[in-house]
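Chemist: Provided below: entry_38.txt, containing compact mmCIF, C-alpha atoms.
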# COMPACT_ATOMS: atom_id res chain seq x y z
CA MET A 1141 -22.90 -22.41 12.45
CA ALA A 1142 -20.80 -22.44 15.64
CA ASP A 1143 -17.46 -24.20 15.46
CA MET A 1144 -17.04 -27.63 17.04
CA MET A 1145 -16.03 -27.64 20.70
CA GLY A 1146 -12.94 -29.73 21.45
CA GLY A 1147 -11.02 -31.88 19.01
CA PHE A 1148 -7.82 -30.94 17.23
CA PHE A 1149 -6.15 -27.58 17.60
CA GLY A 1150 -5.80 -24.90 14.93
CA LEU A 1151 -3.51 -21.89 14.83
CA GLU A 1152 -3.28 -20.21 18.23
CA LEU A 1153 -2.95 -16.50 17.57
CA PRO A 1154 -2.56 -13.66 20.08
CA GLU A 1155 -5.17 -10.90 20.28
CA TYR A 1156 -3.59 -7.44 20.07
CA GLY A 1157 -6.59 -5.83 18.45
CA ASN A 1158 -4.80 -2.59 17.57
CA PHE A 1159 -5.27 -2.62 13.79
CA PRO A 1160 -5.59 1.10 12.94
CA TYR A 1161 -9.16 0.99 11.52
CA SER A 1162 -12.21 -0.45 13.24
CA GLU A 1163 -14.98 -1.91 11.11
CA GLY A 1164 -18.22 0.02 11.27
CA ALA A 1165 -20.82 1.91 9.26
CA CYS A 1166 -18.17 4.04 7.53
CA CYS A 1167 -15.38 1.45 7.43
CA ALA A 1168 -15.64 -1.89 5.62
CA TYR A 1169 -13.22 -4.81 5.55
CA VAL A 1170 -13.03 -6.37 2.08
CA ASN A 1171 -10.77 -8.76 0.20
CA SER A 1172 -8.27 -6.32 -1.35
CA GLY A 1173 -7.30 -2.69 -1.76
CA ARG A 1174 -8.67 -2.58 -5.30
CA ALA A 1175 -11.96 -4.07 -4.03
CA ALA A 1176 -12.06 -1.30 -1.41
CA LEU A 1177 -11.67 1.30 -4.18
CA GLU A 1178 -14.54 -0.27 -6.10
CA CYS A 1179 -16.77 -0.09 -3.02
CA LEU A 1180 -15.93 3.59 -2.57
CA LEU A 1181 -16.60 4.39 -6.23
CA ARG A 1182 -20.07 2.85 -5.88
CA GLN A 1183 -20.96 5.19 -3.02
CA LYS A 1184 -22.24 8.00 -5.24
CA PRO A 1185 -23.31 8.34 -8.87
CA LEU A 1186 -20.34 7.18 -10.92
CA PRO A 1187 -18.02 10.02 -12.00
CA ASP A 1188 -17.69 11.07 -15.64
CA ALA A 1189 -14.00 10.15 -15.38
CA LEU A 1190 -11.46 9.02 -12.81
CA TRP A 1191 -8.12 10.82 -12.97
CA VAL A 1192 -5.32 8.41 -12.04
CA PRO A 1193 -1.62 9.31 -11.64
CA ARG A 1194 0.79 7.81 -14.15
CA PHE A 1195 3.10 6.74 -11.31
CA ILE A 1196 0.97 3.93 -9.91
CA CYS A 1197 0.45 0.18 -10.19
CA ASP A 1198 -1.91 -0.77 -13.02
CA THR A 1199 -3.97 -2.95 -10.67
CA VAL A 1200 -5.77 0.20 -9.53
CA LEU A 1201 -7.34 0.39 -12.99
CA GLN A 1202 -9.31 -2.81 -12.42
CA ALA A 1203 -12.00 -1.12 -10.31
CA PRO A 1204 -12.91 1.67 -12.76
CA ALA A 1205 -12.76 -0.82 -15.64
CA ARG A 1206 -15.22 -3.12 -13.88
CA LEU A 1207 -17.57 -0.18 -13.32
CA GLY A 1208 -17.19 1.28 -16.82
CA ILE A 1209 -15.64 4.54 -15.59
CA PRO A 1210 -13.35 6.26 -18.15
CA VAL A 1211 -9.80 6.79 -16.86
CA LYS A 1212 -7.66 9.84 -17.53
CA ARG A 1213 -4.04 10.18 -16.44
CA TYR A 1214 -2.03 12.96 -14.80
CA GLY A 1215 1.59 13.37 -13.77
CA CYS A 1216 3.71 14.00 -10.70
CA THR A 1217 6.93 15.77 -9.88
CA GLU A 1218 10.18 13.98 -9.08
CA GLN A 1219 9.31 14.67 -5.43
CA LEU A 1220 6.15 12.54 -5.81
CA HIS A 1221 3.86 15.57 -5.63
CA PRO A 1222 0.74 15.52 -7.84
CA LEU A 1223 0.52 17.79 -10.88
CA LEU A 1224 -3.20 18.43 -10.73
CA PRO A 1225 -5.13 18.35 -14.00
CA GLU A 1226 -8.05 20.49 -15.12
CA VAL A 1227 -10.87 18.44 -13.65
CA GLY A 1228 -14.47 18.37 -14.81
CA GLU A 1229 -17.20 19.08 -12.28
CA LYS A 1230 -18.31 15.44 -12.30
CA ASP A 1231 -14.81 13.94 -12.42
CA LEU A 1232 -13.01 12.31 -9.52
CA VAL A 1233 -9.26 12.49 -8.82
CA LEU A 1234 -7.35 9.58 -7.31
CA LEU A 1235 -4.55 10.88 -5.10
CA VAL A 1236 -1.76 8.68 -3.76
CA ASN A 1237 -0.02 9.02 -0.44
CA TYR A 1238 3.22 7.42 -1.57
CA PHE A 1239 4.72 5.17 1.14
CA GLY A 1240 2.99 7.27 3.82
CA LEU A 1241 5.49 10.09 3.17
CA THR A 1242 3.59 12.56 0.96
CA SER A 1243 0.79 13.49 3.35
CA GLU A 1244 1.36 17.24 3.06
CA ALA A 1245 1.30 17.21 -0.74
CA VAL A 1246 -1.94 15.23 -0.95
CA ALA A 1247 -3.57 17.38 1.73
CA ALA A 1248 -2.76 20.47 -0.36
CA ALA A 1249 -4.26 18.79 -3.43
CA VAL A 1250 -7.43 17.89 -1.55
CA ALA A 1251 -7.80 21.54 -0.51
CA GLN A 1252 -7.77 22.54 -4.20
CA LEU A 1253 -10.36 19.94 -5.18
CA PRO A 1254 -12.79 19.67 -2.27
CA GLY A 1255 -15.29 16.85 -2.65
CA ARG A 1256 -13.66 15.49 -5.80
CA CYS A 1257 -10.88 13.28 -4.43
CA VAL A 1258 -10.42 9.69 -3.37
CA MET A 1259 -7.26 8.68 -1.52
CA ASP A 1260 -5.09 5.69 -2.36
CA ALA A 1261 -3.42 4.87 0.95
CA THR A 1262 -2.46 1.32 0.00
CA THR A 1263 1.17 2.20 0.80
CA ALA A 1264 0.20 4.45 3.73
CA LEU A 1265 -1.56 2.18 6.22
CA TYR A 1266 -0.84 4.33 9.26
CA CYS A 1267 -2.03 7.61 7.72
CA PRO A 1268 -5.64 8.34 8.81
CA PRO A 1269 -8.18 9.56 6.24
CA LEU A 1270 -8.37 13.28 5.59
CA PRO A 1271 -11.74 14.83 6.54
CA GLY A 1272 -14.34 14.18 3.87
CA VAL A 1273 -12.02 12.06 1.65
CA PRO A 1274 -12.89 8.43 0.84
CA THR A 1275 -9.73 6.39 1.50
CA PHE A 1276 -8.68 2.80 0.87
CA TYR A 1277 -5.93 0.68 2.43
CA SER A 1278 -4.05 -2.57 1.73
CA PRO A 1279 -2.76 -4.11 5.00
CA ARG A 1280 -0.82 -6.92 3.29
CA LYS A 1281 1.86 -4.42 2.25
CA PHE A 1282 2.62 -3.89 5.96
CA CYS A 1283 2.21 -7.31 7.57
CA GLY A 1284 1.89 -11.05 7.01
CA VAL A 1285 -1.52 -11.50 5.44
CA ALA A 1286 -2.33 -12.78 1.96
CA ASP A 1287 -5.15 -10.36 1.14
CA GLY A 1288 -7.54 -7.84 2.60
CA GLY A 1289 -8.49 -4.22 2.07
CA VAL A 1290 -10.16 -1.42 3.99
CA ALA A 1291 -12.66 1.06 2.56
CA HIS A 1292 -13.08 4.16 4.73
CA ALA A 1293 -15.75 6.70 3.76
CA PRO A 1294 -17.00 10.02 5.17
CA ALA A 1295 -20.59 8.64 5.25
CA PRO A 1296 -22.06 5.18 5.92
CA LEU A 1297 -21.05 2.74 3.23
CA LYS A 1298 -23.60 1.13 0.96
CA CYS A 1299 -23.41 -1.31 -1.99
CA LEU A 1300 -21.04 -3.56 -0.05
CA PRO A 1301 -20.50 -7.18 -1.10
CA GLU A 1302 -22.51 -9.85 0.68
CA ALA A 1303 -20.25 -12.87 0.04
CA THR A 1304 -17.26 -13.51 2.31
CA ASP A 1305 -13.86 -14.34 0.88
CA GLN A 1306 -11.88 -17.53 1.57
CA SER A 1307 -8.14 -17.08 2.12
CA THR A 1308 -6.94 -20.56 3.03
CA ALA A 1309 -5.51 -21.56 -0.35
CA ARG A 1310 -3.79 -18.27 -1.11
CA SER A 1311 -2.26 -18.02 2.38
CA HIS A 1312 0.02 -21.00 1.75
CA PHE A 1313 3.01 -18.74 1.00
CA LEU A 1314 2.94 -17.38 4.57
CA LEU A 1315 3.64 -20.84 5.98
CA GLU A 1316 6.03 -21.69 3.14
CA ARG A 1317 8.18 -18.64 3.83
CA LEU A 1318 8.30 -19.47 7.54
CA GLU A 1319 9.27 -23.08 6.85
CA ASN A 1320 11.51 -22.83 3.78
CA GLY A 1321 12.37 -19.16 3.18
CA ALA A 1322 11.33 -16.41 0.79
CA GLU A 1323 12.68 -17.97 -2.40
CA ALA A 1324 10.71 -21.18 -1.91
CA ALA A 1325 7.54 -19.19 -1.14
CA LEU A 1326 7.81 -16.84 -4.12
CA PRO A 1327 5.68 -18.85 -6.61
CA ALA A 1328 2.85 -19.21 -4.08
CA SER A 1329 3.13 -15.50 -3.25
CA GLU A 1330 2.81 -14.55 -6.92
CA ALA A 1331 -0.20 -16.85 -7.31
CA ALA A 1332 -1.84 -15.22 -4.30
CA GLU A 1333 -1.19 -11.80 -5.82
CA ALA A 1334 -2.82 -12.82 -9.10
CA ALA A 1335 -5.93 -14.05 -7.25
CA LEU A 1336 -6.58 -10.54 -5.90
CA ALA A 1337 -8.17 -9.56 -9.22
CA ALA A 1338 -11.38 -11.27 -8.01
CA PRO A 1339 -14.54 -9.15 -7.56
CA PRO A 1340 -15.14 -7.55 -4.15
CA ARG A 1341 -16.00 -9.78 -1.21
CA ARG A 1342 -16.01 -9.33 2.52
CA MET A 1343 -12.68 -9.94 4.21
CA SER A 1344 -12.09 -13.59 5.09
CA ARG A 1345 -12.24 -14.89 8.66
CA LEU A 1346 -8.61 -15.97 8.39
CA THR A 1347 -7.36 -12.53 7.40
CA ARG A 1348 -9.42 -10.88 10.13
CA SER A 1349 -7.89 -13.22 12.72
CA LEU A 1350 -4.37 -12.61 11.44
CA LEU A 1351 -4.83 -8.84 11.56
CA ARG A 1352 -5.99 -9.06 15.18
CA SER A 1353 -2.86 -11.07 16.00
CA ILE A 1354 -0.39 -8.38 14.85
CA ASP A 1355 0.88 -5.68 17.22
CA PHE A 1356 0.48 -2.71 14.88
CA ALA A 1357 1.40 -0.17 17.56
CA THR A 1358 4.82 -1.73 18.19
CA ALA A 1359 5.31 -2.25 14.45
CA ALA A 1360 4.76 1.49 13.91
CA GLU A 1361 7.37 2.36 16.54
CA VAL A 1362 9.93 0.07 14.90
CA ARG A 1363 9.22 1.49 11.45
CA LEU A 1364 9.67 5.07 12.67
CA ALA A 1365 12.87 4.22 14.54
CA ASN A 1366 14.36 2.49 11.49
CA TYR A 1367 13.32 5.36 9.25
CA ARG A 1368 15.19 7.81 11.49
CA VAL A 1369 18.38 5.75 11.30
CA LEU A 1370 18.15 5.43 7.51
CA HIS A 1371 17.34 9.10 6.94
CA GLN A 1372 20.14 10.30 9.20
CA ALA A 1373 22.61 8.26 7.14
CA LEU A 1374 21.20 8.70 3.64
CA ARG A 1375 19.49 12.09 3.41
CA GLU A 1376 22.59 13.72 1.91
CA ILE A 1377 22.57 11.31 -1.06
CA ASN A 1378 18.79 11.01 -1.41
CA HIS A 1379 17.32 13.14 -4.19
CA LEU A 1380 13.90 12.85 -2.56
CA GLN A 1381 13.09 15.48 0.07
CA LEU A 1382 11.55 13.34 2.77
CA PRO A 1383 9.93 14.45 6.04
CA GLU A 1384 11.98 14.18 9.20
CA PRO A 1385 10.34 12.74 11.08
CA PRO A 1386 7.20 11.63 9.21
CA ALA A 1387 3.90 12.09 11.01
CA HIS A 1388 3.04 8.41 10.65
CA ALA A 1389 4.92 5.14 10.22
CA PRO A 1390 5.98 4.69 6.58
CA MET A 1391 5.93 1.60 4.39
CA CYS A 1392 9.59 1.85 3.38
CA TYR A 1393 12.44 4.32 2.93
CA PRO A 1394 12.35 5.43 -0.73
CA LEU A 1395 15.87 6.19 -1.90
CA VAL A 1396 16.67 7.91 -5.19
CA SER A 1397 20.43 8.25 -5.52
CA GLY A 1398 23.03 8.65 -8.20
CA ILE A 1399 25.01 5.56 -7.14
CA PRO A 1400 25.46 3.42 -10.27
CA GLY A 1401 24.44 -0.23 -10.03
CA LEU A 1402 23.11 0.14 -6.49
CA ARG A 1403 19.96 -1.89 -7.09
CA ASP A 1404 21.96 -4.86 -8.38
CA THR A 1405 24.45 -4.58 -5.52
CA LEU A 1406 21.71 -4.69 -2.91
CA ILE A 1407 19.80 -7.51 -4.59
CA GLU A 1408 22.99 -9.59 -4.76
CA ALA A 1409 23.39 -8.97 -1.01
CA GLY A 1410 19.93 -10.40 -0.36
CA ILE A 1411 17.89 -7.19 -0.14
CA ALA A 1412 14.45 -7.43 -1.78
CA LEU A 1413 13.78 -4.30 -3.83
CA PRO A 1414 10.45 -4.34 -5.71
CA LEU A 1415 10.29 -2.21 -8.83
CA TYR A 1416 7.59 0.46 -8.43
CA TRP A 1417 6.29 -0.07 -11.08
CA PRO A 1418 7.56 -1.86 -14.22
CA GLU A 1419 4.45 -0.96 -16.21
CA VAL A 1420 5.20 2.74 -15.61
CA ILE A 1421 8.53 2.35 -17.43
CA GLU A 1422 6.78 0.83 -20.43
CA ALA A 1423 3.96 3.40 -20.53
CA THR A 1424 5.87 6.68 -20.06
CA GLU A 1425 8.56 8.59 -21.89
CA ALA A 1426 12.13 7.98 -20.75
CA ASP A 1427 12.67 11.61 -19.71
CA SER A 1428 9.44 11.89 -17.70
CA ALA A 1429 9.48 12.19 -13.92
CA GLU A 1430 7.39 9.05 -13.58
CA ASN A 1431 9.76 7.00 -15.73
CA ARG A 1432 12.83 8.19 -13.85
CA LEU A 1433 11.17 7.42 -10.51
CA ALA A 1434 10.18 3.93 -11.64
CA ARG A 1435 13.74 3.18 -12.76
CA ARG A 1436 15.65 4.78 -9.90
CA LEU A 1437 13.54 4.57 -6.74
CA LEU A 1438 14.75 1.90 -4.30
CA PRO A 1439 12.17 1.05 -1.58
CA LEU A 1440 14.51 0.14 1.28
CA PRO A 1441 12.93 -2.16 3.90
CA LEU A 1442 12.51 -0.72 7.40
CA ASP A 1443 9.63 -2.71 8.83
CA GLN A 1444 9.05 -4.44 12.15
CA ARG A 1445 11.09 -7.52 11.19
CA TYR A 1446 14.36 -5.59 11.38
CA ALA A 1447 16.47 -4.38 14.28
CA LYS A 1448 18.84 -1.43 14.24
CA THR A 1449 21.73 -3.77 13.42
CA ASP A 1450 19.93 -4.89 10.25
CA ILE A 1451 19.41 -1.28 9.20
CA GLU A 1452 23.05 -0.42 9.88
CA ARG A 1453 24.13 -3.34 7.66
CA LEU A 1454 21.88 -2.01 4.91
CA ILE A 1455 23.46 1.44 5.26
CA ARG A 1456 26.98 -0.04 4.99
CA LEU A 1457 25.98 -1.85 1.79
CA ILE A 1458 24.84 1.47 0.31
CA LEU A 1459 27.62 3.78 1.48
CA GLY A 1460 30.45 1.26 1.38
Here is the file; what I need is its structure written in the form of structure tokens.
Modeler:
Amino acid sequence: MADMMGGFFGLELPEYGNFPYSEGACCAYVNSGRAALECLLRQKPLPDALWVPRFICDTVLQAPARLGIPVKRYGCTEQLHPLLPEVGEKDLVLLVNYFGLTSEAVAAAVAQLPGRCVMDATTALYCPPLPGVPTFYSPRKFCGVADGGVAHAPAPLKCLPEATDQSTARSHFLLERLENGAEAALPASEAAEAALAAPPRRMSRLTRSLLRSIDFATAAEVRLANYRVLHQALREINHLQLPEPPAHAPMCYPLVSGIPGLRDTLIEAGIALPLYWPEVIEATEADSAENRLARRLLPLPLDQRYAKTDIERLIRLILG
């Protein structure tokens, strides 16, 4: 039904229309990244097993669990490169492009396992799919939306959900943060996160509108510029060997350093540093690469909200 003409006003959003992925036969907009994975897994006969890296958020396990696909785990190096397992002919391997900065490593892995990979690009929004590799994205990690996911496949997608999601209630934290700050909005943000466990639906009208209102091209330029400033200052203390420059705009600047107490120092200074991922610490041995990464990796913010002066302040907090 067409909307009413006239009357009260709603949100007035600009129309940039430069979200990196256009909806079409091979690209579907759904309600979350994990829903996008589920849609991709339904494309072909279900695999005998899905190999999932140990260094990953457990929410990715919801899709194979819902479909009854057995999950096997494999490891990574301390440089976030996959340690490929012996894979059965009917198995599928989930590869992760961590923060949009491990493109070369995952491309090499895909070359070793042609036709048997699916790409988790939930932290790599700006990295386009590799040829022939089903890929899923999570825009909310890069911009102000409460939900949404993108499923991108080499062939036309089928088995897509018919129902459309509703985002109004879970989007409250976006307005709350704008009005009252991040701390006040945190409970609503966590509630919105928990709601993403819902079965796949089409992306809501609200999220679609919000995505059209974001200038993703300018955001990418800011991210790359901030990355260059951070890497120039921190590469000598960073145990991760990061690309300079990266081919595509990253999610964050992952720092692994030997500076004691640095996480606490930055948090006390008002820097949000999510732990990627607490469940990894609990599920892996203390001397494993995945455990060390989960404990030590600091995802420094570099996104479009921050100017060079903000990044320079962050650097001073780290280097003293």
Chemist: Name all residues at most 12 Å from A:Arg1432 (count all atoms listed in the file; drop same-chain ones fewer than 2 positions away) and give them as number ranges by chain.
Modeler: A: 1195, 1216-1220, 1379, 1396-1398, 1415-1418, 1420-1422, 1424-1430, 1434-1438
Chemist: For A:Leu1351, which of A:Val1285, A:Ala1373, A:Val1192, A:Leu1395 is the closest residue, counting all atoms listed in the file?
Modeler: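 Among the listed residues, the smallest separation from A:Leu1351 belongs to A:Val1285.
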Chemist: What is the atom CA of A:Val1258-atom CA of A:Leu1235 distance in Å, reported with one decimal?
Modeler: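 These two atoms are separated by 6.2 Å.
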Chemist: Under the rule that all atoms listed in the file are counted, which of A:Cys1283, A:Ala1334, A:Val1362, A:Ile1458 is the nearest residue to A:Thr1199?
Modeler: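 Distance minimum relative to A:Thr1199 lands on A:Ala1334.
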Chemist: Neighbours of A:Ala1176 within 6 Å (all atoms listed in the file; same-chain residues fewer than 4 positions away dropped), as a PyMOL selection string?
Modeler: chain A and resi 1276+1289-1291
Chemist: I need the residue nearest A:Ile1451 from this list: A:Arg1368, A:Leu1346, A:Glu1419, A:Asp1188. Use all atoms listed in the file for the distance.
Modeler: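 That would be A:Arg1368, the residue with the smallest distance to A:Ile1451.
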Chemist: Tell me which residues come within 8 Å of (-13.1, -3.9, -10.7), as a PyMOL selection string, counting all atoms listed in the file in the file's coordinates.
Modeler: chain A and resi 1174-1175+1178+1201-1207+1337+1339-1340
Chemist: Residues at most 8 Å from A:Ser1353, counting all atoms listed in the file, excluding those fewer than 2 positions away in the same chain, as a PDB file with C-alpha atoms, in the coordinates of the input?
Modeler:
ATOM      1  CA  LEU A1153      -2.950 -16.500  17.570  1.00  0.00           C
ATOM      2  CA  PRO A1154      -2.560 -13.660  20.080  1.00  0.00           C
ATOM      3  CA  GLU A1155      -5.170 -10.900  20.280  1.00  0.00           C
ATOM      4  CA  TYR A1156      -3.590  -7.440  20.070  1.00  0.00           C
ATOM      5  CA  GLY A1157      -6.590  -5.830  18.450  1.00  0.00           C
ATOM      6  CA  SER A1349      -7.890 -13.220  12.720  1.00  0.00           C
ATOM      7  CA  LEU A1350      -4.370 -12.610  11.440  1.00  0.00           C
ATOM      8  CA  LEU A1351      -4.830  -8.840  11.560  1.00  0.00           C
ATOM      9  CA  ASP A1355       0.880  -5.680  17.220  1.00  0.00           C
TER      10      ASP A1355
END
Chemist: Just give me the gap between atom CA of A:Val1273 and atom CA of A:Leu1382 in Å, one decimal is fine.
Modeler: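 Computed distance, atom CA of A:Val1273 to atom CA of A:Leu1382, equals 23.6 Å.
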Chemist: Could you tell me which of A:Leu1297, A:Ala1332, A:Cys1257, A:Ala1357 comes closest to A:Asn1171 if we count all atoms listed in the file?
Modeler: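 Of all the options, A:Ala1332 lies closest to A:Asn1171.
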Chemist: Kindly indicate which residue among A:His1221, A:Arg1456, A:Arg1348, A:Arg1280 lies nearest to A:Ala1249, using only C-alpha atoms for the distances.
Modeler: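 Distance minimum relative to A:Ala1249 lands on A:His1221.
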Chemist: Residues within 10 Å of stretch 1223-1230 of chain A, please, as a ChimeraX atom specification. Count all atoms listed in the file; anything in the same chain fewer than 4 positions from it doesn't count.
Modeler: /A:1185-1191,1193,1212-1217,1235,1249,1252-1253,1256
Chemist: With distances taken over only C-alpha atoms, which of A:Ala1360, A:Leu1300, A:Ile1407, A:Ala1261 is nearest to A:Leu1442?
Modeler: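 Of all the options, A:Ala1360 lies closest to A:Leu1442.
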Chemist: Report, in Å to a single decimal, how far apart atom CA of A:Thr1358 and atom CA of A:Leu1454 are.
Modeler: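 If I compute the distance from atom CA of A:Leu1454 to atom CA of A:Thr1358, I get 21.6 Å.
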Chemist: I want to know what sits within 12 Å of A:Gly1164, based on only C-alpha atoms, with residues of the same chain fewer than 5 positions away left out; could you give that as a ChimeraX atom specification?
Modeler: /A:1169,1290-1298
Chemist: Just to be explicit: take each residue in the selection above, keep C-alpha atoms, and write the result as a PDB file, keeping the file's coordinate frame.
Modeler:
ATOM      1  CA  TYR A1169     -13.220  -4.810   5.550  1.00  0.00           C
ATOM      2  CA  VAL A1290     -10.160  -1.420   3.990  1.00  0.00           C
ATOM      3  CA  ALA A1291     -12.660   1.060   2.560  1.00  0.00           C
ATOM      4  CA  HIS A1292     -13.080   4.160   4.730  1.00  0.00           C
ATOM      5  CA  ALA A1293     -15.750   6.700   3.760  1.00  0.00           C
ATOM      6  CA  PRO A1294     -17.000  10.020   5.170  1.00  0.00           C
ATOM      7  CA  ALA A1295     -20.590   8.640   5.250  1.00  0.00           C
ATOM      8  CA  PRO A1296     -22.060   5.180   5.920  1.00  0.00           C
ATOM      9  CA  LEU A1297     -21.050   2.740   3.230  1.00  0.00           C
ATOM     10  CA  LYS A1298     -23.600   1.130   0.960  1.00  0.00           C
TER      11      LYS A1298
END
Chemist: With 3 Å on each side, where is the centre of the axis-aligned box around all listed atoms of stretch 1251-1266 of chain A, and how long are its edges in Å to one decimal, as lines of an AutoDock Vina configuration file?
Modeler:
center_x = -7.1
center_y = 11.9
center_z = 1.7
size_x = 22.5
size_y = 27.2
size_z = 21.1
